[in-house]
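Below is data_2.cif, holding mmCIF, C-alpha atoms and all ligand atoms.
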data_structure
loop_
_atom_site.label_atom_id
_atom_site.label_comp_id
_atom_site.auth_asym_id
_atom_site.auth_seq_id
_atom_site.Cartn_x
_atom_site.Cartn_y
_atom_site.Cartn_z
CA MET T 1 0.00 0.00 0.00
CA GLY T 2 1.13 3.45 -0.77
CA ALA T 3 1.66 6.16 1.77
CA LEU T 4 -1.50 7.96 2.72
CA PRO T 5 -1.92 11.18 4.66
CA LYS T 6 -2.97 10.63 8.23
CA ARG T 7 -5.08 13.72 8.35
CA ARG T 8 -7.05 15.68 5.84
CA ILE T 9 -5.44 19.02 5.02
CA SER T 10 -7.75 21.90 5.83
CA ARG T 11 -9.05 24.14 3.07
CA THR T 12 -7.02 27.04 4.44
CA ARG T 13 -3.81 25.06 4.51
CA GLN T 14 -4.36 23.75 1.02
CA ALA T 15 -5.09 27.23 -0.29
CA ARG T 16 -2.09 28.68 1.50
CA ARG T 17 0.19 26.13 -0.12
CA ARG T 18 -1.35 26.63 -3.54
CA ALA T 19 -0.94 30.40 -3.24
CA HIS T 20 2.77 29.88 -3.88
CA TYR T 21 2.39 28.45 -7.34
CA LEU T 22 -1.24 28.96 -8.33
CA LYS T 23 -1.26 32.71 -8.49
CA LEU T 24 -4.11 34.49 -10.15
CA GLU T 25 -2.69 36.39 -13.04
CA MET T 26 -3.56 40.04 -12.83
CA PRO T 27 -3.40 41.97 -16.06
CA HIS T 28 -0.62 44.50 -15.78
CA MET T 29 -2.18 47.79 -16.72
CA VAL T 30 -0.24 50.94 -17.50
CA ARG T 31 -1.31 54.39 -18.62
CA CYS T 32 -0.71 55.18 -22.27
CA PRO T 33 1.60 58.21 -22.67
CA GLN T 34 -0.35 59.28 -25.75
CA CYS T 35 -4.00 59.14 -24.78
CA LYS T 36 -3.76 58.51 -21.01
CA THR T 37 -6.04 55.52 -21.04
CA LEU T 38 -5.30 52.28 -19.25
CA ARG T 39 -3.94 49.60 -21.48
CA LEU T 40 -2.17 46.30 -21.04
CA ALA T 41 1.58 46.64 -20.57
CA HIS T 42 3.85 45.63 -23.47
CA THR T 43 0.97 45.88 -25.92
CA VAL T 44 -0.10 48.30 -28.61
CA CYS T 45 -2.60 50.78 -27.21
CA PRO T 46 -6.08 49.88 -28.43
CA ALA T 47 -7.26 53.49 -28.20
CA CYS T 48 -4.59 55.34 -30.20
CA GLY T 49 -2.69 52.45 -31.77
CA THR T 50 0.75 53.47 -30.58
CA TYR T 51 3.52 51.49 -28.95
CA LYS T 52 6.57 53.20 -27.44
CA GLY T 53 5.56 56.47 -29.07
CA ILE T 54 5.37 55.01 -32.56
CA GLU T 55 2.06 54.60 -34.31
CA VAL T 56 1.66 50.97 -35.26
CA LEU T 57 -2.05 50.64 -35.85
CA GLU T 58 -4.43 52.88 -37.73
CA ILE T 59 -7.39 53.62 -35.54
CA GLU T 60 -10.61 54.62 -37.23
CA ASP T 61 -12.20 57.58 -35.53
CA ASN T 62 -15.74 56.69 -34.74
CA ALA T 63 -16.83 60.06 -33.48
CA GLU T 64 -20.16 60.06 -31.74
ZN ZN R 1 -3.05 55.33 -26.35
#

Would you encode the structure as structure tokens?
Amino acid sequence: MGALPKRRISRTRQARRRAHYLKLEMPHMVRCPQCKTLRLAHTVCPACGTYKGIEVLEIEDNAE
């Protein structure tokens, strides 16, 4: 027979252990220097289409 745990590990203990490797990934948001909106870091801004000050995407202006 294989080794079995003597006691059941409590939900808190299990969660505490898992917190070390099962981290919830939070999207890293930064403010765009061009349009000041929050966008995902290391990505082209969806609002103005720039990345590191260079325009990469052409954004159609849908003025309301
Ligand atoms: Zn922008």

T:Arg7, T:Lys36, T:Arg16, T:Lys52 ranked by distance to ligand ZN 1 (chain R), top pick (using only C-alpha atoms and all ligand atoms):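 Comparing T:Arg7, T:Lys36, T:Arg16, T:Lys52 against ligand ZN 1 (chain R), the winner is T:Lys36.
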
Close residues, T:Gln34 itself excluded, 12 Å, only C-alpha atoms, min 2 positions apart in chain, as an MDAnalysis selection string: chainID T and resid 30:32 36:39 44:55

Atom pair atom CA of T:Thr43 / atom CA of T:Val56: separation (Å):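 Between atom CA of T:Thr43 and atom CA of T:Val56 the gap works out to 10.7 Å.
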
Residue nearest ligand ZN 1 (chain R) - candidates T:Leu40, T:Gln14, T:Met1, T:Lys6, atoms counted: all atoms listed in the file: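 Closest to ligand ZN 1 (chain R), using all atoms listed in the file: T:Leu40.
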
Atom CA of T:Thr12 to atom CA of T:Met26, distance in Å rounded to a single decimal: 21.9 Å

Atomic distance atom CA of T:Arg13 - atom CA of T:Pro27, expressed in Å with one decimal: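 Going from atom CA of T:Arg13 over to atom CA of T:Pro27 covers 26.6 Å.
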
Option closest in space to ligand ZN 1 (chain R), from T:Leu57, T:Ala41, T:Leu22, T:Cys35 [counting only C-alpha atoms and all ligand atoms]: T:Cys35

Of the listed residues T:Arg8, T:His28, T:Ala3, T:Glu58, that which approaches ligand ZN 1 (chain R) most closely, counting only C-alpha atoms and all ligand atoms: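 That would be T:Glu58, the residue with the smallest distance to ligand ZN 1 (chain R).
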
Since the input is missing atoms, can you rebuild N, CA, C and O atoms for stretch 45-60 of chain T and write them as a compact mmCIF listing (two decimals), in the coordinates of the input?
# COMPACT_ATOMS: atom_id res chain seq x y z
N CYS T 45 -1.42 50.15 -27.80
CA CYS T 45 -2.60 50.78 -27.21
C CYS T 45 -3.80 50.60 -28.12
O CYS T 45 -3.73 50.94 -29.30
N PRO T 46 -4.90 50.08 -27.61
CA PRO T 46 -6.08 49.88 -28.43
C PRO T 46 -6.81 51.18 -28.77
O PRO T 46 -7.60 51.23 -29.70
N ALA T 47 -6.55 52.22 -27.99
CA ALA T 47 -7.26 53.49 -28.20
C ALA T 47 -6.60 54.33 -29.29
O ALA T 47 -7.26 54.87 -30.16
N CYS T 48 -5.26 54.47 -29.22
CA CYS T 48 -4.59 55.34 -30.20
C CYS T 48 -3.66 54.56 -31.12
O CYS T 48 -3.12 55.12 -32.07
N GLY T 49 -3.48 53.28 -30.86
CA GLY T 49 -2.69 52.45 -31.77
C GLY T 49 -1.20 52.72 -31.75
O GLY T 49 -0.52 52.48 -32.73
N THR T 50 -0.69 53.21 -30.63
CA THR T 50 0.75 53.47 -30.58
C THR T 50 1.43 52.52 -29.62
O THR T 50 0.82 51.99 -28.67
N TYR T 51 2.71 52.30 -29.85
CA TYR T 51 3.52 51.49 -28.95
C TYR T 51 4.88 52.15 -28.89
O TYR T 51 5.55 52.33 -29.90
N LYS T 52 5.31 52.50 -27.68
CA LYS T 52 6.57 53.20 -27.44
C LYS T 52 6.68 54.48 -28.27
O LYS T 52 7.71 54.80 -28.85
N GLY T 53 5.55 55.19 -28.38
CA GLY T 53 5.56 56.47 -29.07
C GLY T 53 5.48 56.39 -30.58
O GLY T 53 5.47 57.40 -31.26
N ILE T 54 5.45 55.16 -31.11
CA ILE T 54 5.37 55.01 -32.56
C ILE T 54 3.98 54.50 -32.91
O ILE T 54 3.49 53.57 -32.26
N GLU T 55 3.38 55.08 -33.91
CA GLU T 55 2.06 54.60 -34.31
C GLU T 55 2.20 53.32 -35.11
O GLU T 55 2.92 53.26 -36.10
N VAL T 56 1.55 52.27 -34.61
CA VAL T 56 1.66 50.97 -35.26
C VAL T 56 0.35 50.62 -35.95
O VAL T 56 0.34 50.02 -37.01
N LEU T 57 -0.75 50.99 -35.29
CA LEU T 57 -2.05 50.64 -35.85
C LEU T 57 -2.78 51.90 -36.28
O LEU T 57 -2.62 52.96 -35.69
N GLU T 58 -3.57 51.76 -37.32
CA GLU T 58 -4.43 52.88 -37.73
C GLU T 58 -5.78 52.72 -37.08
O GLU T 58 -6.46 51.72 -37.27
N ILE T 59 -6.12 53.69 -36.25
CA ILE T 59 -7.39 53.62 -35.54
C ILE T 59 -8.42 54.49 -36.26
O ILE T 59 -8.18 55.67 -36.54
N GLU T 60 -9.53 53.87 -36.58
CA GLU T 60 -10.61 54.62 -37.23
C GLU T 60 -11.35 55.44 -36.19
O GLU T 60 -11.74 54.92 -35.14
